[in-house]
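Heads up, the thing below is written out as structure tokens.
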Amino acid sequence: MIEGEEDDGPPPGWQQPIPPRARSRSPPPAPSPSVAEMAQMVCGSCSHLLSYPQGARHVKCSCCQMVNYVLEVLLMYPYGASSVQCSSCLLVTEIGDHNRRPPWSVQQGQPPRTPNPVH
């Protein structure tokens with residue numbers, strides 16, 4: 001310490017407690033779903049393509065404000081098919097590794113059969 005200089009103590013504001021943050025009455029917003037958790041549909045009024053979180057029952061169109069009811073459609077297709085066509089909207093979906101169903105034996109909990117080398 002230098003002679004003649006008084007110790008004023010800590011810098012201003014040091015002893016004041018930090019005020020608590022204002023508490024929000026509403027819960028924090030839910031994290032936005034990842035692309036894998038999103039689904040798509042076409043608006044029944046204006047045919048605008050809509051993206052929405054999987055599991056939603058109603059989707060409001062951002063273009064025409066129409067509230068659309070979400071229909072879950074299960075497409076059945078034979079194992080090994082390269083594509084499947086929806087009988088309702090006639091959309092053809094390519095079957096790739098991301099949406100290929102396992103063989104029936106695997107679905108039933110049985111190990112897959114190994115191919116017979118003789119045939």
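Naming scheme: A, B, ... for chains in displayed order of the structure tokens; residues 1 onward per chain; ligands 1 onward as shown.
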
Non-local contacts of Ser62 (chain A) (10 Å; only C-alpha atoms; under 3 positions in same chain excluded) as a list in words: Cys43, His48, Leu49, Leu50, Val59, Gln65, Met66 and Val67 of chain A

With N, CA, C and O atoms retained, write the just-selected residues as an mmCIF file, in the first residue's frame.
data_model
loop_
_atom_site.group_PDB
_atom_site.id
_atom_site.type_symbol
_atom_site.label_atom_id
_atom_site.label_comp_id
_atom_site.auth_asym_id
_atom_site.auth_seq_id
_atom_site.Cartn_x
_atom_site.Cartn_y
_atom_site.Cartn_z
ATOM 1 N N CYS A 43 -52.100 -29.308 -47.265
ATOM 2 C CA CYS A 43 -53.294 -28.643 -46.763
ATOM 3 C C CYS A 43 -54.484 -29.051 -47.625
ATOM 4 O O CYS A 43 -54.411 -29.042 -48.859
ATOM 5 N N HIS A 48 -51.031 -26.366 -49.891
ATOM 6 C CA HIS A 48 -49.713 -25.938 -49.416
ATOM 7 C C HIS A 48 -49.084 -27.089 -48.627
ATOM 8 O O HIS A 48 -49.770 -27.757 -47.862
ATOM 9 N N LEU A 49 -47.785 -27.349 -48.814
ATOM 10 C CA LEU A 49 -47.091 -28.397 -48.069
ATOM 11 C C LEU A 49 -46.829 -27.911 -46.649
ATOM 12 O O LEU A 49 -46.239 -26.851 -46.446
ATOM 13 N N LEU A 50 -47.282 -28.673 -45.660
ATOM 14 C CA LEU A 50 -47.143 -28.297 -44.255
ATOM 15 C C LEU A 50 -46.197 -29.251 -43.546
ATOM 16 O O LEU A 50 -46.276 -30.459 -43.736
ATOM 17 N N VAL A 59 -53.182 -29.436 -37.652
ATOM 18 C CA VAL A 59 -52.139 -28.555 -38.167
ATOM 19 C C VAL A 59 -52.813 -27.369 -38.845
ATOM 20 O O VAL A 59 -53.661 -27.551 -39.719
ATOM 21 N N GLN A 65 -54.757 -20.481 -43.269
ATOM 22 C CA GLN A 65 -55.250 -20.558 -41.882
ATOM 23 C C GLN A 65 -56.230 -21.711 -41.640
ATOM 24 O O GLN A 65 -56.847 -21.784 -40.586
ATOM 25 N N MET A 66 -56.393 -22.616 -42.587
ATOM 26 C CA MET A 66 -57.270 -23.776 -42.428
ATOM 27 C C MET A 66 -56.662 -24.729 -41.404
ATOM 28 O O MET A 66 -55.459 -24.993 -41.427
ATOM 29 N N VAL A 67 -57.487 -25.243 -40.488
ATOM 30 C CA VAL A 67 -57.022 -26.235 -39.524
ATOM 31 C C VAL A 67 -57.266 -27.608 -40.140
ATOM 32 O O VAL A 67 -58.402 -27.972 -40.451
#

For CA of Ser45 (chain A) and CA of Val92 (chain A), the interatomic separation in Å (one decimal):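 Computing it gives 21.8 Å between the two atoms.
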
Residue nearest Asn68 (chain A) - candidates A:Val106, A:Glu37, A:Ala81, A:Ala56, atoms counted: only C-alpha atoms: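 Closest to Asn68 (chain A) of all the choices is A:Ala56.
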
Shortest interatomic distance to Val70 (chain A) - which of A:Ser88, A:Gln40, A:Ser47, A:Ser82, counting only C-alpha atoms: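 Among the listed residues, the smallest separation from Val70 (chain A) belongs to A:Gln40.
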
Between CA of Met38 (chain A) and CA of Val73 (chain A), distance in Å (one decimal):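 Here the two named atoms are 15.0 Å from each other.
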
Strand (DSSP E or B) positions in region 55-87 of chain A, given as a VMD selection string: chain A and resid 58 to 60 67 to 69 83 to 85

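The closest residue to Gly96 (chain A), picked from A:Ser83, A:Leu71, A:Gln54, A:Gln108 and counting only C-alpha atoms, is A:Ser83.
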
Computed interatomic separation between CA of Tyr69 (chain A) and CA of Gly55 (chain A) (Å):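 About the pair CA of Tyr69 (chain A) and CA of Gly55 (chain A): they are 11.5 Å apart.
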